[in-house]
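**Student:** So I've got this file, model34.pdb, and it contains PDB, C-alpha atoms:
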```pdb
ATOM      1  CA  PHE A   1     105.215  58.422  70.091
ATOM      2  CA  ALA A   2     105.841  56.984  73.610
ATOM      3  CA  VAL A   3     106.814  53.372  74.447
ATOM      4  CA  ASN A   4     105.642  52.278  77.905
ATOM      5  CA  THR A   5     106.155  48.493  77.635
ATOM      6  CA  LEU A   6     108.810  46.632  75.692
ATOM      7  CA  PRO A   7     107.570  43.631  73.730
ATOM      8  CA  ARG A   8     108.618  40.183  74.980
ATOM      9  CA  ALA A   9     111.416  38.475  73.180
ATOM     10  CA  PRO A  10     110.579  35.250  71.303
ATOM     11  CA  GLY A  11     110.734  32.187  73.590
ATOM     12  CA  THR A  12     110.428  34.110  76.864
ATOM     13  CA  THR A  13     107.485  32.033  78.069
ATOM     14  CA  LEU A  14     109.307  28.784  77.293
ATOM     15  CA  LEU A  15     112.391  30.006  79.127
ATOM     16  CA  VAL A  16     110.336  30.841  82.217
ATOM     17  CA  TRP A  17     108.718  27.396  82.291
ATOM     18  CA  VAL A  18     112.055  25.638  81.783
ATOM     19  CA  SER A  19     113.560  27.658  84.642
ATOM     20  CA  LEU A  20     110.682  26.798  86.965
ATOM     21  CA  THR A  21     110.943  23.115  86.047
ATOM     22  CA  LEU A  22     114.680  23.073  86.723
ATOM     23  CA  ALA A  23     114.151  24.812  90.049
ATOM     24  CA  VAL A  24     111.541  22.239  91.098
ATOM     25  CA  VAL A  25     113.786  19.376  90.009
ATOM     26  CA  LEU A  26     116.769  20.800  91.919
ATOM     27  CA  ILE A  27     114.754  21.429  95.072
ATOM     28  CA  GLY A  28     113.234  17.945  94.871
ATOM     29  CA  GLY A  29     116.686  16.414  94.381
ATOM     30  CA  PHE A  30     118.077  18.228  97.412
ATOM     31  CA  LEU A  31     115.117  17.093  99.520
ATOM     32  CA  LEU A  32     115.584  13.482  98.419
ATOM     33  CA  MET A  33     119.307  13.643  99.175
ATOM     34  CA  TYR A  34     118.563  15.116 102.595
ATOM     35  CA  ARG A  35     116.022  12.399 103.410
ATOM     36  CA  PHE A  36     118.454   9.720 102.221
ATOM     37  CA  ALA A  37     121.246  11.139 104.397
ATOM     38  CA  VAL A  38     118.970  11.317 107.439
ATOM     39  CA  GLY A  39     117.839   7.737 106.825
ATOM     40  CA  GLN A  40     121.436   6.527 106.602
ATOM     41  CA  LEU A  41     122.327   8.293 109.842
ATOM     42  CA  ARG A  42     119.294   6.765 111.562
ATOM     43  CA  LEU A  43     120.239   3.320 110.236
ATOM     44  CA  ALA A  44     123.809   3.747 111.487
ATOM     45  CA  ARG A  45     122.548   4.693 114.961
ATOM     46  CA  GLN A  46     120.200   1.705 114.988
ATOM     47  CA  GLN A  47     123.037  -0.614 114.002
ATOM     48  CA  GLN A  48     125.224   0.802 116.778
ATOM     49  CA  ASP A  49     122.408   0.376 119.310
ATOM     50  CA  PHE A  50     121.798  -3.160 118.085
ATOM     51  CA  VAL A  51     125.468  -4.117 118.387
ATOM     52  CA  SER A  52     125.601  -2.648 121.897
ATOM     53  CA  ALA A  53     122.432  -4.474 122.938
ATOM     54  CA  VAL A  54     123.612  -7.779 121.461
ATOM     55  CA  SER A  55     127.006  -7.430 123.127
ATOM     56  CA  HIS A  56     125.337  -6.835 126.470
ATOM     57  CA  GLU A  57     122.900  -9.717 126.056
ATOM     58  CA  LEU A  58     125.673 -12.110 125.012
ATOM     59  CA  LYS A  59     127.970 -11.098 127.875
ATOM     60  CA  THR A  60     125.350 -11.870 130.521
ATOM     61  CA  PRO A  61     125.055 -15.646 129.933
ATOM     62  CA  LEU A  62     128.756 -15.907 129.111
ATOM     63  CA  THR A  63     129.644 -14.299 132.440
ATOM     64  CA  SER A  64     127.361 -16.699 134.304
ATOM     65  CA  ILE A  65     128.749 -19.744 132.497
ATOM     66  CA  ARG A  66     132.303 -18.646 133.185
ATOM     67  CA  MET A  67     131.603 -17.907 136.855
ATOM     68  CA  TYR A  68     129.944 -21.249 137.586
ATOM     69  CA  GLY A  69     132.574 -23.069 135.540
ATOM     70  CA  GLU A  70     135.396 -21.483 137.544
ATOM     71  CA  MET A  71     133.669 -22.320 140.820
ATOM     72  CA  LEU A  72     133.317 -25.949 139.765
ATOM     73  CA  LYS A  73     136.899 -26.084 138.523
ATOM     74  CA  ALA A  74     138.249 -24.616 141.764
ATOM     75  CA  GLY A  75     136.281 -27.139 143.828
ATOM     76  CA  TRP A  76     134.370 -24.499 145.789
ATOM     77  CA  ALA A  77     131.037 -26.278 145.370
ATOM     78  CA  ASP A  78     129.991 -29.269 147.422
ATOM     79  CA  GLU A  79     128.085 -32.171 145.925
ATOM     80  CA  ALA A  80     124.735 -30.597 146.794
ATOM     81  CA  LYS A  81     125.501 -27.408 144.851
ATOM     82  CA  LYS A  82     127.207 -29.014 141.865
ATOM     83  CA  GLN A  83     123.938 -30.135 140.289
ATOM     84  CA  THR A  84     122.506 -26.649 140.754
ATOM     85  CA  TYR A  85     125.536 -25.106 139.066
ATOM     86  CA  TYR A  86     125.314 -27.603 136.215
ATOM     87  CA  ASP A  87     121.655 -26.649 135.751
ATOM     88  CA  TYR A  88     122.583 -22.955 135.664
ATOM     89  CA  ILE A  89     125.292 -23.600 133.070
ATOM     90  CA  GLN A  90     122.887 -25.586 130.891
ATOM     91  CA  SER A  91     120.171 -22.928 131.223
ATOM     92  CA  GLU A  92     122.545 -20.092 130.332
ATOM     93  CA  SER A  93     123.933 -22.121 127.428
ATOM     94  CA  GLU A  94     120.426 -22.563 126.036
ATOM     95  CA  ARG A  95     119.799 -18.831 126.463
ATOM     96  CA  LEU A  96     123.045 -18.060 124.649
ATOM     97  CA  SER A  97     122.038 -20.378 121.807
ATOM     98  CA  ARG A  98     118.684 -18.596 121.501
ATOM     99  CA  LEU A  99     120.394 -15.211 121.343
ATOM    100  CA  ILE A 100     122.773 -16.383 118.623
ATOM    101  CA  ASP A 101     119.868 -17.885 116.662
ATOM    102  CA  ASN A 102     118.054 -14.545 116.874
ATOM    103  CA  VAL A 103     121.089 -12.668 115.568
ATOM    104  CA  LEU A 104     121.526 -15.098 112.674
ATOM    105  CA  GLN A 105     117.820 -14.916 111.851
ATOM    106  CA  LEU A 106     117.958 -11.108 111.839
ATOM    107  CA  ALA A 107     120.957 -11.252 109.506
ATOM    108  CA  ARG A 108     119.021 -13.487 107.127
ATOM    109  CA  LEU A 109     116.076 -11.087 107.213
ATOM    110  CA  THR A 110     118.396  -8.171 106.462
ATOM    111  CA  ARG A 111     119.749 -10.015 103.415
ATOM    112  CA  SER A 112     116.197 -10.996 102.402
ATOM    113  CA  SER A 113     117.318 -14.626 102.368
ATOM    114  CA  GLN A 114     114.822 -15.899 104.932
ATOM    115  CA  ARG A 115     112.874 -18.832 103.528
ATOM    116  CA  ILE A 116     109.436 -19.445 104.978
ATOM    117  CA  ASP A 117     108.045 -22.971 104.785
ATOM    118  CA  ALA A 118     104.353 -22.313 105.471
ATOM    119  CA  LYS A 119     102.137 -25.321 106.062
ATOM    120  CA  SER A 120      98.695 -25.940 107.522
ATOM    121  CA  VAL A 121      99.256 -26.893 111.173
ATOM    122  CA  PRO A 122      96.638 -27.601 113.869
ATOM    123  CA  VAL A 123      96.526 -25.042 116.657
ATOM    124  CA  THR A 124      96.867 -27.779 119.282
ATOM    125  CA  GLU A 125     100.074 -28.995 117.666
ATOM    126  CA  LEU A 126     101.505 -25.469 117.551
ATOM    127  CA  LEU A 127     100.818 -24.827 121.234
ATOM    128  CA  ASP A 128     102.322 -28.206 122.158
ATOM    129  CA  LEU A 129     105.434 -27.331 120.146
ATOM    130  CA  VAL A 130     105.811 -23.990 121.896
ATOM    131  CA  ARG A 131     105.196 -25.541 125.312
ATOM    132  CA  SER A 132     107.920 -28.131 124.746
ATOM    133  CA  LYS A 133     110.417 -25.413 123.824
ATOM    134  CA  VAL A 134     109.735 -23.007 126.711
ATOM    135  CA  ALA A 135     108.715 -25.338 129.556
ATOM    136  CA  THR A 136     112.221 -25.848 130.953
ATOM    137  CA  GLN A 137     113.066 -22.159 130.717
ATOM    138  CA  VAL A 138     109.844 -21.134 132.495
ATOM    139  CA  GLU A 139     110.244 -23.684 135.280
ATOM    140  CA  ARG A 140     113.860 -22.712 135.969
ATOM    141  CA  ALA A 141     112.804 -19.085 136.285
ATOM    142  CA  GLY A 142     110.383 -20.112 139.028
ATOM    143  CA  PHE A 143     107.245 -19.503 136.955
ATOM    144  CA  GLU A 144     104.222 -21.677 136.294
ATOM    145  CA  LEU A 145     103.455 -22.421 132.648
ATOM    146  CA  ARG A 146      99.799 -22.459 131.618
ATOM    147  CA  VAL A 147      98.374 -23.291 128.212
ATOM    148  CA  ARG A 148      94.822 -22.202 127.381
ATOM    149  CA  ASN A 149      93.349 -23.241 124.053
ATOM    150  CA  ASP A 150      89.873 -21.849 123.407
ATOM    151  CA  ALA A 151      90.064 -22.303 119.635
ATOM    152  CA  PRO A 152      87.808 -24.787 117.828
ATOM    153  CA  ALA A 153      88.979 -28.380 118.085
ATOM    154  CA  GLN A 154      89.887 -28.703 114.385
ATOM    155  CA  ALA A 155      91.290 -25.168 113.958
ATOM    156  CA  THR A 156      94.408 -24.916 111.772
ATOM    157  CA  VAL A 157      96.648 -22.041 110.653
ATOM    158  CA  THR A 158      99.067 -21.756 107.755
ATOM    159  CA  VAL A 159     102.444 -20.871 109.283
ATOM    160  CA  ASP A 160     106.098 -21.815 109.408
ATOM    161  CA  ALA A 161     106.110 -23.779 112.665
ATOM    162  CA  ASP A 162     109.757 -22.981 113.491
ATOM    163  CA  CYS A 163     109.312 -19.236 112.945
ATOM    164  CA  PHE A 164     106.073 -19.340 114.934
ATOM    165  CA  ALA A 165     107.807 -21.058 117.836
ATOM    166  CA  GLN A 166     110.702 -18.585 117.701
ATOM    167  CA  ILE A 167     108.287 -15.670 118.086
ATOM    168  CA  PHE A 168     106.764 -17.270 121.173
ATOM    169  CA  ILE A 169     110.203 -18.085 122.614
ATOM    170  CA  ASN A 170     111.186 -14.421 122.338
ATOM    171  CA  LEU A 171     107.927 -13.243 123.921
ATOM    172  CA  VAL A 172     108.237 -15.710 126.799
ATOM    173  CA  ASP A 173     111.873 -14.732 127.321
ATOM    174  CA  ASN A 174     110.846 -11.073 127.596
ATOM    175  CA  ALA A 175     107.979 -11.975 129.927
ATOM    176  CA  LEU A 176     110.345 -13.797 132.279
ATOM    177  CA  LYS A 177     112.952 -11.045 132.108
ATOM    178  CA  PHE A 178     110.633  -8.143 132.906
ATOM    179  CA  SER A 179     108.313  -9.958 135.343
ATOM    180  CA  ALA A 180     110.899 -11.284 137.765
ATOM    181  CA  GLY A 181     109.320  -9.292 140.600
ATOM    182  CA  ALA A 182     105.710 -10.092 139.737
ATOM    183  CA  ALA A 183     103.392 -11.122 142.555
ATOM    184  CA  THR A 184     101.937 -13.976 140.466
ATOM    185  CA  LYS A 185     104.705 -15.902 138.718
ATOM    186  CA  ALA A 186     102.855 -17.488 135.818
ATOM    187  CA  VAL A 187     103.165 -17.426 132.024
ATOM    188  CA  GLU A 188     100.085 -18.299 129.988
ATOM    189  CA  LEU A 189     100.135 -19.286 126.335
ATOM    190  CA  GLY A 190      96.686 -18.858 124.850
ATOM    191  CA  CYS A 191      94.659 -19.022 121.664
ATOM    192  CA  ARG A 192      91.058 -17.988 121.130
ATOM    193  CA  ARG A 193      88.752 -17.328 118.230
ATOM    194  CA  GLU A 194      87.823 -13.717 117.512
ATOM    195  CA  PRO A 195      84.298 -12.625 116.442
ATOM    196  CA  GLY A 196      85.489 -12.156 112.849
ATOM    197  CA  GLY A 197      86.677 -15.752 112.638
ATOM    198  CA  SER A 198      90.404 -15.081 113.054
ATOM    199  CA  LEU A 199      92.542 -16.723 115.722
ATOM    200  CA  LEU A 200      94.332 -14.662 118.371
ATOM    201  CA  PHE A 201      97.458 -16.090 120.024
ATOM    202  CA  THR A 202      98.544 -14.485 123.292
ATOM    203  CA  VAL A 203     101.367 -14.607 125.844
TER     204      VAL A 203
END
```
Before we go any further, please render this structure as C-alpha cells.

**Tutor:**
Amino acid sequence: FAVNTLPRAPGTTLLVWVSLTLAVVLIGGFLLMYRFAVGQLRLARQQQDFVSAVSHELKTPLTSIRMYGEMLKAGWADEAKKQTYYDYIQSESERLSRLIDNVLQLARLTRSSQRIDAKSVPVTELLDLVRSKVATQVERAGFELRVRNDAPAQATVTVDADCFAQIFINLVDNALKFSAGAATKAVELGCRREPGGSLLFTV
C-alpha cells in the first residue's frame, strides 16, 4: 500500500476561514488607523495655516490703526488730514470687527453650535440689507457699488438674513482685496431667475 495524500484533520476548513477573516480584519484595521492618522495630520496643518492666516489678517488693520493713531497723537497731521485719518481708523476698525466675527462664526460651526433662523425674506429686502452693510466699505475702497435685481417682483427665499449678509460681506471684501488694480472699479450685487425656477445671487 502507498499513501500519496494525507487526509485533512477535522476542522481544517474552519481554521482556514477564521485565519482569512482575521487577516482581513487586521488589514482593514490598519488601513483605517492609517487614514485616521493622515486625516489628523491634515487637520493639524489646516489649523496651523488658519492660525497663520488669521494672525496676518488681524495684524494688518491693527497696524494701520496704530500708525494713524500715533500720527494723530504726535500732532503730525494738519486739520485737513485729520478727518482722513479718522476715516481710515474707522474703516480699519470695521474690517477688524468683521474678521473677528468670522473667526467666532467659524468656531461656532466647528462646535456645531451655529443656530440658523431661516425665514421667508423678499429678495429686494435681502439685497437692500447687503447694500447697507457693504456700501461704506466699497466707497472707501474707491469702487462703485451697483445692485441689479432681475428676479420677479414678489420673489422670496427662505434664509437666515444675517448669515446671508455675512456671506456677501466676505465675497465683497475679497472682491475689493483682489481687484485693487482693476481697470473698472465696480462691484455689482445681482440676482436673477434661472430657467429651472431657482434664484442665482452673484457678486

**Student:** Is it possible to get the residues within 10 Å of (114.4, -16.6, 111.6) (coordinates as in the file, counting all atoms listed in the file) written as a ChimeraX atom specification?

**Tutor:** /A:101-109,113-116,162-164,166-167

**Student:** Set out as a tab-separated table a contact list for stretch 51-127 of chain A and stretch 135-143 of chain A with a cut-off of 9 Å, giving each residue of stretch 51-127 of chain A that qualifies its closest atom pair and distance in Å to one decimal, counting all atoms listed in the file, ordered by chain and rising residue number.

**Tutor:**
```
residue	atom	partner	partner_atom	distance
A:Asp87	CA	A:Arg140	CA	8.7
A:Tyr88	CA	A:Arg140	CA	8.7
A:Ser91	CA	A:Gln137	CA	7.2
A:Glu94	CA	A:Gln137	CA	8.7
A:Arg95	CA	A:Gln137	CA	8.6
```

**Student:** Report as a PyMOL selection string the full result of the PyMOL selection byres ((chain A and resi 122) around 7) when it is applied to this structure.

**Tutor:** chain A and resi 120-121+123-126+154-157

**Student:** Keeping only C-alpha atoms, write the selected residues as a PDB file, keeping the file's coordinate frame.

**Tutor:**
```pdb
ATOM      1  CA  SER A 120      98.695 -25.940 107.522  1.00  0.00           C
ATOM      2  CA  VAL A 121      99.256 -26.893 111.173  1.00  0.00           C
ATOM      3  CA  VAL A 123      96.526 -25.042 116.657  1.00  0.00           C
ATOM      4  CA  THR A 124      96.867 -27.779 119.282  1.00  0.00           C
ATOM      5  CA  GLU A 125     100.074 -28.995 117.666  1.00  0.00           C
ATOM      6  CA  LEU A 126     101.505 -25.469 117.551  1.00  0.00           C
ATOM      7  CA  GLN A 154      89.887 -28.703 114.385  1.00  0.00           C
ATOM      8  CA  ALA A 155      91.290 -25.168 113.958  1.00  0.00           C
ATOM      9  CA  THR A 156      94.408 -24.916 111.772  1.00  0.00           C
ATOM     10  CA  VAL A 157      96.648 -22.041 110.653  1.00  0.00           C
TER      11      VAL A 157
END
```

**Student:** Using only C-alpha atoms, which residue out of A:Ala161, A:Arg35, A:Asp49, A:Asn170 lies closest to A:Leu99?

**Tutor:**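 When distances to A:Leu99 are compared using only C-alpha atoms, the smallest one comes from A:Asn170.
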
**Student:** In Å, with one decimal, what is the gap from atom CA of A:Met33 to atom CA of A:Trp17?

**Tutor:**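 Atom-to-atom, atom CA of A:Met33 and atom CA of A:Trp17 are spaced 24.2 Å apart.
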
**Student:** Could you check how far atom CA of A:Leu176 sits from atom CA of A:Arg45, in Å to one decimal?

**Tutor:** 28.1 Å

**Student:** Translate the PyMOL selection byres ((chain A and resi 201) around 9) into a concrete residue list for this structure, as a list in words.

**Tutor:**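 Those residues are Leu189, Gly190, Cys191, Arg192, Arg193, Leu199, Leu200, Thr202 and Val203 of chain A.
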
**Student:** Store the residues picked out above, limited to C-alpha atoms, as a JSON list (two decimals), in the frame of the given file.

**Tutor:**
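To be explicit, this is the file written out as result09.json:
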```json
[["chain", "number", "residue", "atom", "x", "y", "z"],
["A", 189, "LEU", "CA", 100.14, -19.29, 126.34],
["A", 190, "GLY", "CA", 96.69, -18.86, 124.85],
["A", 191, "CYS", "CA", 94.66, -19.02, 121.66],
["A", 192, "ARG", "CA", 91.06, -17.99, 121.13],
["A", 193, "ARG", "CA", 88.75, -17.33, 118.23],
["A", 199, "LEU", "CA", 92.54, -16.72, 115.72],
["A", 200, "LEU", "CA", 94.33, -14.66, 118.37],
["A", 202, "THR", "CA", 98.54, -14.48, 123.29],
["A", 203, "VAL", "CA", 101.37, -14.61, 125.84]]
```

**Student:** Measuring atom to atom with all atoms listed in the file, identify which of A:Ala80, A:Ala44, A:Val134, A:Ile65 is nearest to A:Ala175.

**Tutor:**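 Using all atoms listed in the file, the shortest distance to A:Ala175 belongs to A:Val134.
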
**Student:** Find the residue from A:Met71, A:Ala180, A:Ala165, A:Leu127 that sits nearest to A:Asp150; use only C-alpha atoms when measuring.

**Tutor:**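 With only C-alpha atoms as the atom set, the closest residue is A:Leu127.
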
**Student:** In Å to one decimal, how far is atom CA of A:Glu194 from atom CA of A:Ala153?

**Tutor:**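 About the pair atom CA of A:Ala153 and atom CA of A:Glu194: they are 14.7 Å apart.
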
**Student:** Can you give me, as a ChimeraX atom specification, the residues this file yields under the PyMOL selection byres ((chain A and resi 89) around 10)?

**Tutor:** /A:61-62,64-69,83-88,90-95

**Student:** For stretch 6-31 of chain A, where the input has fewer atoms than it should, I would like N, CA, C and O atoms rebuilt and written as a PDB file, keeping the file's coordinate frame.

**Tutor:**
```
ATOM      1  N   LEU A   6     108.041  47.269  76.761  1.00  0.00           N
ATOM      2  CA  LEU A   6     108.810  46.632  75.692  1.00  0.00           C
ATOM      3  C   LEU A   6     108.181  45.298  75.341  1.00  0.00           C
ATOM      4  O   LEU A   6     107.701  44.574  76.211  1.00  0.00           O
ATOM      5  N   PRO A   7     108.126  44.944  74.115  1.00  0.00           N
ATOM      6  CA  PRO A   7     107.570  43.631  73.730  1.00  0.00           C
ATOM      7  C   PRO A   7     108.465  42.496  74.219  1.00  0.00           C
ATOM      8  O   PRO A   7     109.685  42.662  74.340  1.00  0.00           O
ATOM      9  N   ARG A   8     107.856  41.344  74.534  1.00  0.00           N
ATOM     10  CA  ARG A   8     108.618  40.183  74.980  1.00  0.00           C
ATOM     11  C   ARG A   8     109.403  39.586  73.827  1.00  0.00           C
ATOM     12  O   ARG A   8     108.924  39.548  72.699  1.00  0.00           O
ATOM     13  N   ALA A   9     110.582  39.121  74.186  1.00  0.00           N
ATOM     14  CA  ALA A   9     111.416  38.475  73.180  1.00  0.00           C
ATOM     15  C   ALA A   9     110.844  37.097  72.847  1.00  0.00           C
ATOM     16  O   ALA A   9     110.159  36.482  73.672  1.00  0.00           O
ATOM     17  N   PRO A  10     111.067  36.586  71.666  1.00  0.00           N
ATOM     18  CA  PRO A  10     110.579  35.250  71.303  1.00  0.00           C
ATOM     19  C   PRO A  10     111.138  34.181  72.248  1.00  0.00           C
ATOM     20  O   PRO A  10     112.324  34.188  72.569  1.00  0.00           O
ATOM     21  N   GLY A  11     110.297  33.282  72.716  1.00  0.00           N
ATOM     22  CA  GLY A  11     110.734  32.187  73.590  1.00  0.00           C
ATOM     23  C   GLY A  11     110.797  32.531  75.060  1.00  0.00           C
ATOM     24  O   GLY A  11     111.271  31.727  75.863  1.00  0.00           O
ATOM     25  N   THR A  12     110.349  33.737  75.450  1.00  0.00           N
ATOM     26  CA  THR A  12     110.428  34.110  76.864  1.00  0.00           C
ATOM     27  C   THR A  12     109.579  33.194  77.743  1.00  0.00           C
ATOM     28  O   THR A  12     110.012  32.755  78.809  1.00  0.00           O
ATOM     29  N   THR A  13     108.368  32.905  77.292  1.00  0.00           N
ATOM     30  CA  THR A  13     107.485  32.033  78.069  1.00  0.00           C
ATOM     31  C   THR A  13     108.087  30.649  78.267  1.00  0.00           C
ATOM     32  O   THR A  13     108.066  30.071  79.361  1.00  0.00           O
ATOM     33  N   LEU A  14     108.681  30.093  77.195  1.00  0.00           N
ATOM     34  CA  LEU A  14     109.307  28.784  77.293  1.00  0.00           C
ATOM     35  C   LEU A  14     110.472  28.805  78.275  1.00  0.00           C
ATOM     36  O   LEU A  14     110.657  27.881  79.071  1.00  0.00           O
ATOM     37  N   LEU A  15     111.250  29.889  78.228  1.00  0.00           N
ATOM     38  CA  LEU A  15     112.391  30.006  79.127  1.00  0.00           C
ATOM     39  C   LEU A  15     111.945  30.054  80.591  1.00  0.00           C
ATOM     40  O   LEU A  15     112.579  29.445  81.466  1.00  0.00           O
ATOM     41  N   VAL A  16     110.845  30.761  80.846  1.00  0.00           N
ATOM     42  CA  VAL A  16     110.336  30.841  82.217  1.00  0.00           C
ATOM     43  C   VAL A  16     109.909  29.468  82.719  1.00  0.00           C
ATOM     44  O   VAL A  16     110.238  29.057  83.839  1.00  0.00           O
ATOM     45  N   TRP A  17     109.167  28.718  81.875  1.00  0.00           N
ATOM     46  CA  TRP A  17     108.718  27.396  82.291  1.00  0.00           C
ATOM     47  C   TRP A  17     109.883  26.418  82.488  1.00  0.00           C
ATOM     48  O   TRP A  17     109.892  25.613  83.414  1.00  0.00           O
ATOM     49  N   VAL A  18     110.877  26.499  81.623  1.00  0.00           N
ATOM     50  CA  VAL A  18     112.055  25.638  81.783  1.00  0.00           C
ATOM     51  C   VAL A  18     112.782  25.969  83.087  1.00  0.00           C
ATOM     52  O   VAL A  18     113.226  25.081  83.827  1.00  0.00           O
ATOM     53  N   SER A  19     112.893  27.253  83.398  1.00  0.00           N
ATOM     54  CA  SER A  19     113.560  27.658  84.642  1.00  0.00           C
ATOM     55  C   SER A  19     112.809  27.158  85.862  1.00  0.00           C
ATOM     56  O   SER A  19     113.411  26.643  86.825  1.00  0.00           O
ATOM     57  N   LEU A  20     111.473  27.290  85.846  1.00  0.00           N
ATOM     58  CA  LEU A  20     110.682  26.798  86.965  1.00  0.00           C
ATOM     59  C   LEU A  20     110.809  25.287  87.122  1.00  0.00           C
ATOM     60  O   LEU A  20     110.923  24.758  88.234  1.00  0.00           O
ATOM     61  N   THR A  21     110.812  24.575  85.987  1.00  0.00           N
ATOM     62  CA  THR A  21     110.943  23.115  86.047  1.00  0.00           C
ATOM     63  C   THR A  21     112.285  22.701  86.626  1.00  0.00           C
ATOM     64  O   THR A  21     112.375  21.802  87.485  1.00  0.00           O
ATOM     65  N   LEU A  22     113.351  23.382  86.187  1.00  0.00           N
ATOM     66  CA  LEU A  22     114.680  23.073  86.723  1.00  0.00           C
ATOM     67  C   LEU A  22     114.756  23.367  88.218  1.00  0.00           C
ATOM     68  O   LEU A  22     115.366  22.613  88.992  1.00  0.00           O
ATOM     69  N   ALA A  23     114.134  24.468  88.627  1.00  0.00           N
ATOM     70  CA  ALA A  23     114.151  24.812  90.049  1.00  0.00           C
ATOM     71  C   ALA A  23     113.435  23.747  90.875  1.00  0.00           C
ATOM     72  O   ALA A  23     113.915  23.336  91.937  1.00  0.00           O
ATOM     73  N   VAL A  24     112.276  23.285  90.383  1.00  0.00           N
ATOM     74  CA  VAL A  24     111.541  22.239  91.098  1.00  0.00           C
ATOM     75  C   VAL A  24     112.349  20.954  91.163  1.00  0.00           C
ATOM     76  O   VAL A  24     112.414  20.292  92.204  1.00  0.00           O
ATOM     77  N   VAL A  25     112.983  20.598  90.032  1.00  0.00           N
ATOM     78  CA  VAL A  25     113.786  19.376  90.009  1.00  0.00           C
ATOM     79  C   VAL A  25     114.956  19.470  90.991  1.00  0.00           C
ATOM     80  O   VAL A  25     115.250  18.526  91.741  1.00  0.00           O
ATOM     81  N   LEU A  26     115.635  20.634  91.010  1.00  0.00           N
ATOM     82  CA  LEU A  26     116.769  20.800  91.919  1.00  0.00           C
ATOM     83  C   LEU A  26     116.334  20.749  93.372  1.00  0.00           C
ATOM     84  O   LEU A  26     116.974  20.092  94.209  1.00  0.00           O
ATOM     85  N   ILE A  27     115.244  21.438  93.689  1.00  0.00           N
ATOM     86  CA  ILE A  27     114.754  21.429  95.072  1.00  0.00           C
ATOM     87  C   ILE A  27     114.340  20.014  95.484  1.00  0.00           C
ATOM     88  O   ILE A  27     114.655  19.541  96.584  1.00  0.00           O
ATOM     89  N   GLY A  28     113.623  19.319  94.569  1.00  0.00           N
ATOM     90  CA  GLY A  28     113.234  17.945  94.871  1.00  0.00           C
ATOM     91  C   GLY A  28     114.436  17.035  95.059  1.00  0.00           C
ATOM     92  O   GLY A  28     114.447  16.181  95.945  1.00  0.00           O
ATOM     93  N   GLY A  29     115.475  17.224  94.242  1.00  0.00           N
ATOM     94  CA  GLY A  29     116.686  16.414  94.381  1.00  0.00           C
ATOM     95  C   GLY A  29     117.375  16.647  95.711  1.00  0.00           C
ATOM     96  O   GLY A  29     117.816  15.699  96.374  1.00  0.00           O
ATOM     97  N   PHE A  30     117.466  17.926  96.118  1.00  0.00           N
ATOM     98  CA  PHE A  30     118.077  18.228  97.412  1.00  0.00           C
ATOM     99  C   PHE A  30     117.274  17.620  98.564  1.00  0.00           C
ATOM    100  O   PHE A  30     117.852  17.095  99.524  1.00  0.00           O
ATOM    101  N   LEU A  31     115.940  17.685  98.474  1.00  0.00           N
ATOM    102  CA  LEU A  31     115.117  17.093  99.520  1.00  0.00           C
ATOM    103  C   LEU A  31     115.299  15.583  99.595  1.00  0.00           C
ATOM    104  O   LEU A  31     115.396  14.992 100.686  1.00  0.00           O
TER     105      LEU A  31
END
```
